[in-house]
file entry12.json (JSON, C-alpha atoms and all ligand atoms)
[["chain", "number", "residue", "atom", "x", "y", "z"],
["Q", 209, "MET", "CA", -16.41, -36.60, -7.26],
["Q", 210, "GLU", "CA", -14.69, -33.33, -8.06],
["Q", 211, "ILE", "CA", -12.61, -31.97, -5.17],
["Q", 212, "GLN", "CA", -12.69, -28.18, -5.10],
["Q", 213, "LYS", "CA", -9.36, -26.71, -4.02],
["Q", 214, "GLU", "CA", -9.68, -23.63, -1.85],
["Q", 215, "ILE", "CA", -7.88, -20.73, -3.48],
["Q", 216, "LYS", "CA", -5.30, -18.96, -1.36],
["Q", 217, "ILE", "CA", -6.19, -15.27, -1.07],
["Q", 218, "GLY", "CA", -3.81, -12.75, 0.49],
["Q", 219, "ILE", "CA", -4.37, -9.10, 1.34],
["Q", 220, "TYR", "CA", -1.71, -6.43, 1.13],
["Q", 221, "PRO", "CA", -3.16, -3.38, 2.91],
["Q", 222, "GLY", "CA", -1.80, 0.14, 3.12],
["Q", 223, "SER", "CA", -2.34, 3.81, 2.49],
["Q", 224, "PHE", "CA", -0.20, 3.88, -0.70],
["Q", 225, "ASP", "CA", -0.23, 7.68, -0.80],
["Q", 226, "PRO", "CA", 1.51, 7.37, -3.25],
["Q", 227, "VAL", "CA", 2.53, 3.81, -4.15],
["Q", 228, "THR", "CA", 6.35, 3.50, -4.13],
["Q", 229, "PHE", "CA", 8.87, 1.10, -5.70],
["Q", 230, "GLY", "CA", 9.03, -0.58, -2.27],
["Q", 231, "HIS", "CA", 5.28, -1.32, -2.34],
["Q", 232, "LEU", "CA", 5.44, -2.56, -5.94],
["Q", 233, "ASP", "CA", 8.27, -4.93, -5.03],
["Q", 234, "ILE", "CA", 6.18, -6.41, -2.18],
["Q", 235, "ILE", "CA", 3.15, -6.74, -4.52],
["Q", 236, "GLU", "CA", 5.21, -8.56, -7.18],
["Q", 237, "ARG", "CA", 6.73, -10.94, -4.66],
["Q", 238, "SER", "CA", 3.54, -11.71, -2.75],
["Q", 239, "ALA", "CA", 1.58, -12.24, -5.97],
["Q", 240, "GLN", "CA", 3.79, -15.32, -6.40],
["Q", 241, "VAL", "CA", 2.80, -16.69, -2.99],
["Q", 242, "PHE", "CA", -1.01, -16.50, -3.38],
["Q", 243, "ASP", "CA", -3.53, -17.61, -6.00],
["Q", 244, "LYS", "CA", -5.06, -14.15, -5.65],
["Q", 245, "LEU", "CA", -3.59, -11.04, -4.03],
["Q", 246, "ILE", "CA", -5.84, -8.17, -3.08],
["Q", 247, "VAL", "CA", -4.18, -4.82, -2.60],
["Q", 248, "GLY", "CA", -6.32, -2.99, -0.04],
["Q", 249, "VAL", "CA", -6.16, 0.79, -0.22],
["Q", 250, "LEU", "CA", -7.22, 2.42, 3.03],
["Q", 251, "ILE", "CA", -9.72, 5.21, 2.40],
["Q", 252, "ASN", "CA", -8.53, 6.86, 5.61],
["Q", 253, "SER", "CA", -11.04, 9.62, 6.12],
["Q", 254, "ALA", "CA", -9.29, 10.84, 9.32],
["Q", 255, "LYS", "CA", -6.12, 11.99, 7.49],
["Q", 256, "LYS", "CA", -6.07, 14.22, 4.45],
["Q", 257, "PRO", "CA", -4.29, 12.15, 1.81],
["Q", 258, "LEU", "CA", -2.51, 13.63, -1.20],
["Q", 259, "PHE", "CA", -4.57, 11.38, -3.50],
["Q", 260, "SER", "CA", -8.15, 10.16, -3.13],
["Q", 261, "ALA", "CA", -8.71, 6.44, -2.63],
["Q", 262, "GLU", "CA", -10.03, 6.16, -6.21],
["Q", 263, "GLU", "CA", -6.88, 7.80, -7.55],
["Q", 264, "ARG", "CA", -4.63, 5.53, -5.48],
["Q", 265, "VAL", "CA", -6.55, 2.45, -6.63],
["Q", 266, "ARG", "CA", -6.25, 3.50, -10.29],
["Q", 267, "MET", "CA", -2.50, 4.15, -9.97],
["Q", 268, "ILE", "CA", -1.86, 0.70, -8.47],
["Q", 269, "GLN", "CA", -4.15, -0.99, -11.01],
["Q", 270, "SER", "CA", -2.22, 0.60, -13.84],
["Q", 271, "LEU", "CA", 1.17, -0.39, -12.39],
["Q", 272, "THR", "CA", 0.12, -3.99, -11.68],
["Q", 273, "SER", "CA", -1.79, -4.67, -14.91],
["Q", 274, "HIS", "CA", 0.89, -7.24, -15.86],
["Q", 275, "LEU", "CA", 0.02, -9.32, -12.76],
["Q", 276, "PRO", "CA", -3.18, -11.26, -13.58],
["Q", 277, "ASN", "CA", -3.83, -12.47, -10.01],
["Q", 278, "VAL", "CA", -3.66, -9.00, -8.43],
["Q", 279, "GLU", "CA", -6.84, -7.08, -7.67],
["Q", 280, "VAL", "CA", -6.94, -3.59, -6.16],
["Q", 281, "ASN", "CA", -9.82, -2.44, -3.95],
["Q", 282, "SER", "CA", -10.31, 0.34, -1.43],
["Q", 283, "PHE", "CA", -11.61, -0.20, 2.10],
["Q", 284, "ASP", "CA", -12.78, 1.78, 5.06],
["Q", 285, "GLY", "CA", -13.01, 0.59, 8.65],
["Q", 286, "LEU", "CA", -11.28, -2.42, 10.12],
["Q", 287, "LEU", "CA", -8.86, -4.45, 8.07],
["Q", 288, "VAL", "CA", -10.19, -7.69, 9.62],
["Q", 289, "ASP", "CA", -13.67, -6.91, 8.24],
["Q", 290, "PHE", "CA", -12.27, -6.19, 4.80],
["Q", 291, "ALA", "CA", -10.26, -9.44, 4.93],
["Q", 292, "LYS", "CA", -13.43, -11.40, 5.84],
["Q", 293, "GLN", "CA", -15.36, -9.72, 3.05],
["Q", 294, "GLU", "CA", -12.64, -10.65, 0.55],
["Q", 295, "LYS", "CA", -12.32, -14.19, 2.00],
["Q", 296, "ALA", "CA", -8.61, -13.66, 2.66],
["Q", 297, "LYS", "CA", -6.86, -15.68, 5.35],
["Q", 298, "VAL", "CA", -3.49, -13.95, 5.22],
["Q", 299, "ILE", "CA", -2.37, -10.32, 5.52],
["Q", 300, "VAL", "CA", 0.95, -9.36, 3.94],
["Q", 301, "ARG", "CA", 3.09, -6.53, 5.28],
["Q", 302, "GLY", "CA", 6.55, -5.36, 4.32],
["Q", 303, "LEU", "CA", 9.19, -4.95, 7.03],
["Q", 304, "ARG", "CA", 11.89, -2.36, 6.37],
["Q", 305, "ALA", "CA", 13.78, -2.20, 9.63],
["Q", 306, "VAL", "CA", 13.44, -3.01, 13.34],
["Q", 307, "THR", "CA", 11.72, 0.34, 13.79],
["Q", 308, "ASP", "CA", 8.75, -1.08, 11.83],
["Q", 309, "PHE", "CA", 8.64, -4.21, 13.92],
["Q", 310, "GLU", "CA", 6.96, -3.04, 17.12],
["Q", 311, "TYR", "CA", 4.01, -1.40, 15.33],
["Q", 312, "GLU", "CA", 3.65, -4.28, 12.88],
["Q", 313, "LEU", "CA", 3.74, -6.90, 15.65],
["Q", 314, "GLN", "CA", 1.08, -5.02, 17.61],
["Q", 315, "MET", "CA", -1.11, -4.70, 14.52],
["Q", 316, "ALA", "CA", -0.68, -8.38, 13.58],
["Q", 317, "GLN", "CA", -1.49, -9.54, 17.12],
["Q", 318, "THR", "CA", -4.51, -7.24, 17.39],
["Q", 319, "ASN", "CA", -5.85, -8.46, 14.05],
["Q", 320, "ARG", "CA", -5.31, -12.10, 15.01],
["Q", 321, "THR", "CA", -7.04, -11.56, 18.36],
["Q", 322, "MET", "CA", -10.03, -9.98, 16.63],
["Q", 323, "CYS", "CA", -10.07, -12.62, 13.89],
["Q", 324, "PRO", "CA", -8.26, -15.84, 14.99],
["Q", 325, "GLY", "CA", -8.23, -17.38, 11.51],
["Q", 326, "LEU", "CA", -6.35, -14.42, 10.08],
["Q", 327, "ASP", "CA", -2.56, -14.55, 9.99],
["Q", 328, "THR", "CA", -0.02, -11.91, 9.03],
["Q", 329, "ILE", "CA", 3.12, -12.71, 7.10],
["Q", 330, "PHE", "CA", 6.01, -10.29, 6.66],
["Q", 331, "LEU", "CA", 8.22, -9.90, 3.63],
["Q", 332, "THR", "CA", 11.49, -8.12, 4.17],
["Q", 333, "THR", "CA", 11.70, -5.06, 1.97],
["Q", 334, "ASP", "CA", 14.27, -5.20, -0.78],
["Q", 335, "LEU", "CA", 17.45, -3.47, 0.46],
["Q", 336, "ARG", "CA", 17.18, -0.94, -2.38],
["Q", 337, "TYR", "CA", 14.01, 0.38, -0.77],
["Q", 338, "ALA", "CA", 14.77, -0.11, 2.93],
["Q", 339, "TYR", "CA", 14.63, 3.64, 3.65],
["Q", 340, "LEU", "CA", 11.66, 4.41, 1.43],
["Q", 341, "SER", "CA", 8.16, 5.47, 2.48],
["Q", 342, "SER", "CA", 5.25, 7.37, 0.95],
["Q", 343, "SER", "CA", 5.72, 10.15, 3.50],
["Q", 344, "ILE", "CA", 9.36, 10.60, 2.41],
["Q", 345, "VAL", "CA", 8.18, 10.87, -1.20],
["Q", 346, "ARG", "CA", 5.57, 13.49, -0.24],
["Q", 347, "GLU", "CA", 8.14, 15.42, 1.81],
["Q", 348, "VAL", "CA", 10.75, 15.52, -0.99],
["Q", 349, "ALA", "CA", 8.11, 16.40, -3.60],
["Q", 350, "SER", "CA", 6.68, 19.18, -1.43],
["Q", 351, "TYR", "CA", 10.08, 20.92, -1.69],
["Q", 352, "ASN", "CA", 10.17, 20.29, -5.42],
["Q", 353, "GLY", "CA", 12.88, 17.61, -5.04],
["Q", 354, "LYS", "CA", 13.46, 14.75, -7.48],
["Q", 355, "ILE", "CA", 11.40, 11.63, -6.73],
["Q", 356, "ASP", "CA", 12.13, 9.49, -9.77],
["Q", 357, "ARG", "CA", 14.30, 7.10, -7.70],
["Q", 358, "PHE", "CA", 11.32, 6.39, -5.42],
["Q", 359, "VAL", "CA", 8.23, 6.05, -7.61],
["Q", 360, "SER", "CA", 7.32, 5.03, -11.19],
["Q", 361, "PRO", "CA", 7.41, 7.69, -13.94],
["Q", 362, "GLU", "CA", 3.56, 7.87, -14.13],
["Q", 363, "ILE", "CA", 3.44, 8.58, -10.41],
["Q", 364, "VAL", "CA", 6.26, 11.16, -10.57],
["Q", 365, "SER", "CA", 4.19, 13.42, -12.80],
["Q", 366, "LEU", "CA", 1.01, 12.97, -10.75],
["Q", 367, "VAL", "CA", 2.77, 13.73, -7.45],
["Q", 368, "LYS", "CA", 4.58, 16.75, -8.94],
["Q", 369, "GLU", "CA", 1.33, 18.10, -10.34],
["Q", 370, "ARG", "CA", -0.55, 17.62, -7.03],
["Q", 371, "CYS", "CA", 2.25, 19.09, -4.88],
["Q", 372, "GLY", "CA", 2.63, 22.02, -7.30],
["Q", 373, "ARG", "CA", -1.08, 22.74, -6.98],
["Q", 374, "ILE", "CA", -0.85, 22.67, -3.17],
["Q", 375, "ARG", "CA", 2.22, 24.98, -3.22],
["Q", 376, "ASN", "CA", 0.40, 27.45, -5.49],
["Q", 377, "LYS", "CA", -2.62, 27.49, -3.20],
["Q", 378, "GLU", "CA", -0.38, 28.14, -0.18],
["Q", 379, "GLU", "CA", 1.53, 30.93, -1.95],
["Q", 380, "LYS", "CA", -1.76, 32.61, -2.83],
["Q", 381, "LYS", "CA", -2.83, 32.45, 0.83],
["Q", 382, "GLU", "CA", 0.36, 34.29, 2.00],
["Q", 401, "LIG", "O1", 0.72, 1.74, 4.77],
["Q", 401, "LIG", "P1", 0.22, 2.00, 6.15],
["Q", 401, "LIG", "O2", -0.37, 3.37, 6.25],
["Q", 401, "LIG", "O3", 1.28, 1.74, 7.19],
["Q", 401, "LIG", "O4", -0.98, 0.95, 6.40],
["Q", 401, "LIG", "C1", -1.60, 0.85, 7.65],
["Q", 401, "LIG", "C2", -2.87, -0.02, 7.55],
["Q", 401, "LIG", "C3", -3.77, 0.46, 6.44],
["Q", 401, "LIG", "C4", -2.48, -1.45, 7.28],
["Q", 401, "LIG", "C5", -3.58, 0.07, 8.94],
["Q", 401, "LIG", "O5", -3.68, 1.39, 9.34],
["Q", 401, "LIG", "C6", -4.97, -0.54, 8.93],
["Q", 401, "LIG", "O6", -5.12, -1.74, 8.82],
["Q", 401, "LIG", "N1", -5.99, 0.31, 9.07],
["Q", 401, "LIG", "C7", -7.37, -0.09, 9.05],
["Q", 401, "LIG", "C8", -8.00, 0.07, 10.44],
["Q", 401, "LIG", "C9", -7.67, -1.12, 11.32],
["Q", 401, "LIG", "O7", -8.01, -2.25, 11.03],
["Q", 401, "LIG", "N2", -6.96, -0.85, 12.42],
["Q", 401, "LIG", "C10", -6.61, -1.84, 13.40],
["Q", 401, "LIG", "C11", -5.32, -2.49, 13.09],
["Q", 401, "LIG", "S1", -4.51, -2.76, 14.60]]
call {"tool": "encode", "arguments": {"input": "entry12.json", "output": "structure tokens"}}
result
Amino acid sequence: MEIQKEIKIGIYPGSFDPVTFGHLDIIERSAQVFDKLIVGVLINSAKKPLFSAEERVRMIQSLTSHLPNVEVNSFDGLLVDFAKQEKAKVIVRGLRAVTDFEYELQMAQTNRTMCPGLDTIFLTTDLRYAYLSSSIVREVASYNGKIDRFVSPEIVSLVKERCGRIRNKEEKKE
């Protein structure tokens, strides 16, 4: 009789607006822990993101094409429902500093209460990226600052182009 081994599926959810070196480091490291890692891009209709969910998915797909067990999908609604749909039992989150901890703990406990079979594991962010966030990248780029220490070269040009377009629109309004 053939015994079928259950494959270990993890989910790494986030807004990724845009994906940073910190995110990519967590993806690379967690891809080694699971048979399959799904990067879940929140569609997030409430906020107005810099990039659409499709654009964010494409960027991450392109930057993780060397990782055969990584799949990138977008989701709307509750993370626990997306995890069920993808048959994932574990959520991965990166922890940068204690300031992240309270929110992350609350989110992990809420998710586990709503879906008892679903655990959250935390990977500590690489020290090189401990300060880094997508919002910092957007902030620096919005003032035309250099962002090549924070995001991959492909993303640098896309963020610059998008922020430039927003600046032009705002200048025209004034
Ligand atoms: O990278 P982010 O923006 O910190 O990611 C936050 C994310 C996407 C993990 C979180 O907002 C989320 O899971 N949103 C989906 C809605 C949901 O399930 N909320 C309840 C969690 S307590």
call {"tool": "residues_near_ligand", "arguments": {"input": "entry12.json", "ligand": "ligand LIG 401 (chain Q)", "cutoff": "8 Å", "atoms": "all atoms listed in the file", "output": "count of residues only"}}
result
22
call {"tool": "atom_distance", "arguments": {"input": "entry12.json", "atom1": "CA of Gly218 in chain Q", "atom2": "CA of Arg237 in chain Q"}}
result
11.9 Å
call {"tool": "closest_residue", "arguments": {"input": "entry12.json", "among": "Q:Val227, Q:Ala261, Q:Ile268, Q:Val300", "to": "Ala239 in chain Q", "atoms": "only C-alpha atoms"}}
result
Q:Val300
call {"tool": "residues_around", "arguments": {"input": "entry12.json", "residues": "Ser350 in chain Q", "least_positions_apart": "6", "cutoff": "8 Å", "atoms": "only C-alpha atoms", "output": "list in words"}}
result
Cys371, Gly372 and Arg375 of chain Q
call {"tool": "residues_near_point", "arguments": {"input": "entry12.json", "point": "(7.1, 10.7, -2.8)", "cutoff": "10 Å", "atoms": "all atoms listed in the file", "output": "PDB file with C-alpha atoms, keeping the file's coordinate frame"}}
result
ATOM      1  CA  ASP Q 225      -0.230   7.680  -0.800  1.00  0.00           C
ATOM      2  CA  PRO Q 226       1.510   7.370  -3.250  1.00  0.00           C
ATOM      3  CA  VAL Q 227       2.530   3.810  -4.150  1.00  0.00           C
ATOM      4  CA  THR Q 228       6.350   3.500  -4.130  1.00  0.00           C
ATOM      5  CA  LEU Q 340      11.660   4.410   1.430  1.00  0.00           C
ATOM      6  CA  SER Q 341       8.160   5.470   2.480  1.00  0.00           C
ATOM      7  CA  SER Q 342       5.250   7.370   0.950  1.00  0.00           C
ATOM      8  CA  SER Q 343       5.720  10.150   3.500  1.00  0.00           C
ATOM      9  CA  ILE Q 344       9.360  10.600   2.410  1.00  0.00           C
ATOM     10  CA  VAL Q 345       8.180  10.870  -1.200  1.00  0.00           C
ATOM     11  CA  ARG Q 346       5.570  13.490  -0.240  1.00  0.00           C
ATOM     12  CA  GLU Q 347       8.140  15.420   1.810  1.00  0.00           C
ATOM     13  CA  VAL Q 348      10.750  15.520  -0.990  1.00  0.00           C
ATOM     14  CA  ALA Q 349       8.110  16.400  -3.600  1.00  0.00           C
ATOM     15  CA  SER Q 350       6.680  19.180  -1.430  1.00  0.00           C
ATOM     16  CA  GLY Q 353      12.880  17.610  -5.040  1.00  0.00           C
ATOM     17  CA  LYS Q 354      13.460  14.750  -7.480  1.00  0.00           C
ATOM     18  CA  ILE Q 355      11.400  11.630  -6.730  1.00  0.00           C
ATOM     19  CA  ASP Q 356      12.130   9.490  -9.770  1.00  0.00           C
ATOM     20  CA  ARG Q 357      14.300   7.100  -7.700  1.00  0.00           C
ATOM     21  CA  PHE Q 358      11.320   6.390  -5.420  1.00  0.00           C
ATOM     22  CA  VAL Q 359       8.230   6.050  -7.610  1.00  0.00           C
ATOM     23  CA  ILE Q 363       3.440   8.580 -10.410  1.00  0.00           C
ATOM     24  CA  VAL Q 364       6.260  11.160 -10.570  1.00  0.00           C
ATOM     25  CA  VAL Q 367       2.770  13.730  -7.450  1.00  0.00           C
ATOM     26  CA  LYS Q 368       4.580  16.750  -8.940  1.00  0.00           C
ATOM     27  CA  CYS Q 371       2.250  19.090  -4.880  1.00  0.00           C
TER      28      CYS Q 371
END
call {"tool": "closest_residue", "arguments": {"input": "entry12.json", "among": "Q:Val306, Q:Val241, Q:Leu366, Q:Ile235", "to": "Leu271 in chain Q", "atoms": "all atoms listed in the file"}}
result
Q:Ile235
call {"tool": "decode", "arguments": {"input": "entry12.json", "residues": "range 294-324 of chain Q", "atoms": "N, CA, C and O atoms", "output": "JSON list (two decimals), in the first residue's frame"}}
result
[["chain", "number", "residue", "atom", "x", "y", "z"],
["Q", 294, "GLU", "N", -6.22, 27.38, 0.33],
["Q", 294, "GLU", "CA", -4.92, 26.92, -0.19],
["Q", 294, "GLU", "C", -4.40, 25.67, 0.54],
["Q", 294, "GLU", "O", -3.30, 25.21, 0.28],
["Q", 295, "LYS", "N", -5.19, 25.19, 1.51],
["Q", 295, "LYS", "CA", -4.83, 24.00, 2.31],
["Q", 295, "LYS", "C", -3.52, 24.20, 3.10],
["Q", 295, "LYS", "O", -2.72, 23.28, 3.27],
["Q", 296, "ALA", "N", -3.32, 25.43, 3.55],
["Q", 296, "ALA", "CA", -2.12, 25.73, 4.34],
["Q", 296, "ALA", "C", -2.44, 25.62, 5.82],
["Q", 296, "ALA", "O", -3.53, 25.99, 6.26],
["Q", 297, "LYS", "N", -1.48, 25.08, 6.58],
["Q", 297, "LYS", "CA", -1.69, 24.92, 8.02],
["Q", 297, "LYS", "C", -0.86, 25.92, 8.81],
["Q", 297, "LYS", "O", -0.98, 26.03, 10.03],
["Q", 298, "VAL", "N", 0.03, 26.61, 8.14],
["Q", 298, "VAL", "CA", 0.95, 27.51, 8.85],
["Q", 298, "VAL", "C", 1.05, 28.86, 8.14],
["Q", 298, "VAL", "O", 1.21, 28.91, 6.91],
["Q", 299, "ILE", "N", 0.96, 29.93, 8.94],
["Q", 299, "ILE", "CA", 1.17, 31.29, 8.43],
["Q", 299, "ILE", "C", 2.58, 31.70, 8.84],
["Q", 299, "ILE", "O", 3.00, 31.42, 9.96],
["Q", 300, "VAL", "N", 3.28, 32.36, 7.95],
["Q", 300, "VAL", "CA", 4.63, 32.86, 8.27],
["Q", 300, "VAL", "C", 4.57, 34.37, 8.34],
["Q", 300, "VAL", "O", 3.99, 35.01, 7.45],
["Q", 301, "ARG", "N", 5.17, 34.94, 9.36],
["Q", 301, "ARG", "CA", 5.30, 36.40, 9.42],
["Q", 301, "ARG", "C", 6.73, 36.73, 9.85],
["Q", 301, "ARG", "O", 7.36, 35.98, 10.59],
["Q", 302, "GLY", "N", 7.20, 37.87, 9.39],
["Q", 302, "GLY", "CA", 8.53, 38.32, 9.79],
["Q", 302, "GLY", "C", 8.39, 39.26, 10.98],
["Q", 302, "GLY", "O", 7.45, 40.05, 11.04],
["Q", 303, "LEU", "N", 9.31, 39.13, 11.93],
["Q", 303, "LEU", "CA", 9.31, 40.05, 13.09],
["Q", 303, "LEU", "C", 10.56, 40.90, 13.04],
["Q", 303, "LEU", "O", 11.67, 40.39, 13.06],
["Q", 304, "ARG", "N", 10.36, 42.23, 12.97],
["Q", 304, "ARG", "CA", 11.51, 43.12, 12.90],
["Q", 304, "ARG", "C", 11.98, 43.55, 14.28],
["Q", 304, "ARG", "O", 13.14, 43.50, 14.61],
["Q", 305, "ALA", "N", 11.05, 43.98, 15.09],
["Q", 305, "ALA", "CA", 11.42, 44.50, 16.42],
["Q", 305, "ALA", "C", 10.24, 44.28, 17.36],
["Q", 305, "ALA", "O", 9.17, 43.86, 16.94],
["Q", 306, "VAL", "N", 10.45, 44.60, 18.65],
["Q", 306, "VAL", "CA", 9.36, 44.39, 19.63],
["Q", 306, "VAL", "C", 8.11, 45.18, 19.24],
["Q", 306, "VAL", "O", 7.00, 44.76, 19.55],
["Q", 307, "THR", "N", 8.30, 46.28, 18.56],
["Q", 307, "THR", "CA", 7.14, 47.10, 18.16],
["Q", 307, "THR", "C", 6.20, 46.31, 17.24],
["Q", 307, "THR", "O", 5.01, 46.57, 17.20],
["Q", 308, "ASP", "N", 6.72, 45.34, 16.51],
["Q", 308, "ASP", "CA", 5.87, 44.50, 15.65],
["Q", 308, "ASP", "C", 5.09, 43.49, 16.49],
["Q", 308, "ASP", "O", 4.05, 42.99, 16.07],
["Q", 309, "PHE", "N", 5.66, 43.16, 17.66],
["Q", 309, "PHE", "CA", 5.20, 41.97, 18.36],
["Q", 309, "PHE", "C", 3.74, 42.00, 18.78],
["Q", 309, "PHE", "O", 2.99, 41.03, 18.58],
["Q", 310, "GLU", "N", 3.31, 43.13, 19.37],
["Q", 310, "GLU", "CA", 1.96, 43.20, 19.91],
["Q", 310, "GLU", "C", 0.90, 42.95, 18.84],
["Q", 310, "GLU", "O", -0.02, 42.15, 19.00],
["Q", 311, "TYR", "N", 1.06, 43.64, 17.70],
["Q", 311, "TYR", "CA", 0.13, 43.49, 16.58],
["Q", 311, "TYR", "C", 0.17, 42.07, 16.02],
["Q", 311, "TYR", "O", -0.86, 41.46, 15.74],
["Q", 312, "GLU", "N", 1.38, 41.54, 15.88],
["Q", 312, "GLU", "CA", 1.53, 40.20, 15.30],
["Q", 312, "GLU", "C", 0.94, 39.13, 16.22],
["Q", 312, "GLU", "O", 0.31, 38.19, 15.75],
["Q", 313, "LEU", "N", 1.15, 39.32, 17.53],
["Q", 313, "LEU", "CA", 0.61, 38.35, 18.50],
["Q", 313, "LEU", "C", -0.92, 38.36, 18.44],
["Q", 313, "LEU", "O", -1.57, 37.31, 18.39],
["Q", 314, "GLN", "N", -1.49, 39.57, 18.40],
["Q", 314, "GLN", "CA", -2.94, 39.71, 18.35],
["Q", 314, "GLN", "C", -3.49, 39.05, 17.07],
["Q", 314, "GLN", "O", -4.49, 38.33, 17.11],
["Q", 315, "MET", "N", -2.81, 39.29, 15.96],
["Q", 315, "MET", "CA", -3.26, 38.73, 14.69],
["Q", 315, "MET", "C", -3.16, 37.19, 14.72],
["Q", 315, "MET", "O", -4.09, 36.49, 14.32],
["Q", 316, "ALA", "N", -2.04, 36.68, 15.24],
["Q", 316, "ALA", "CA", -1.84, 35.23, 15.28],
["Q", 316, "ALA", "C", -2.89, 34.58, 16.18],
["Q", 316, "ALA", "O", -3.46, 33.53, 15.84],
["Q", 317, "GLN", "N", -3.18, 35.21, 17.33],
["Q", 317, "GLN", "CA", -4.14, 34.62, 18.25],
["Q", 317, "GLN", "C", -5.56, 34.68, 17.69],
["Q", 317, "GLN", "O", -6.35, 33.77, 17.85],
["Q", 318, "THR", "N", -5.88, 35.80, 17.01],
["Q", 318, "THR", "CA", -7.20, 35.93, 16.39],
["Q", 318, "THR", "C", -7.36, 34.85, 15.31],
["Q", 318, "THR", "O", -8.37, 34.15, 15.26],
["Q", 319, "ASN", "N", -6.35, 34.71, 14.48],
["Q", 319, "ASN", "CA", -6.43, 33.72, 13.40],
["Q", 319, "ASN", "C", -6.56, 32.30, 13.96],
["Q", 319, "ASN", "O", -7.32, 31.49, 13.45],
["Q", 320, "ARG", "N", -5.84, 32.02, 15.04],
["Q", 320, "ARG", "CA", -5.89, 30.67, 15.62],
["Q", 320, "ARG", "C", -7.22, 30.40, 16.31],
["Q", 320, "ARG", "O", -7.72, 29.29, 16.32],
["Q", 321, "THR", "N", -7.82, 31.49, 16.85],
["Q", 321, "THR", "CA", -9.14, 31.34, 17.48],
["Q", 321, "THR", "C", -10.18, 31.05, 16.39],
["Q", 321, "THR", "O", -11.06, 30.20, 16.55],
["Q", 322, "MET", "N", -10.06, 31.78, 15.27],
["Q", 322, "MET", "CA", -11.04, 31.57, 14.19],
["Q", 322, "MET", "C", -10.82, 30.24, 13.49],
["Q", 322, "MET", "O", -11.75, 29.65, 12.97],
["Q", 323, "CYS", "N", -9.59, 29.78, 13.47],
["Q", 323, "CYS", "CA", -9.26, 28.55, 12.74],
["Q", 323, "CYS", "C", -8.22, 27.76, 13.56],
["Q", 323, "CYS", "O", -7.01, 27.93, 13.37],
["Q", 324, "PRO", "N", -8.69, 26.93, 14.54],
["Q", 324, "PRO", "CA", -7.78, 26.30, 15.50],
["Q", 324, "PRO", "C", -6.65, 25.47, 14.90],
["Q", 324, "PRO", "O", -5.60, 25.32, 15.52]]
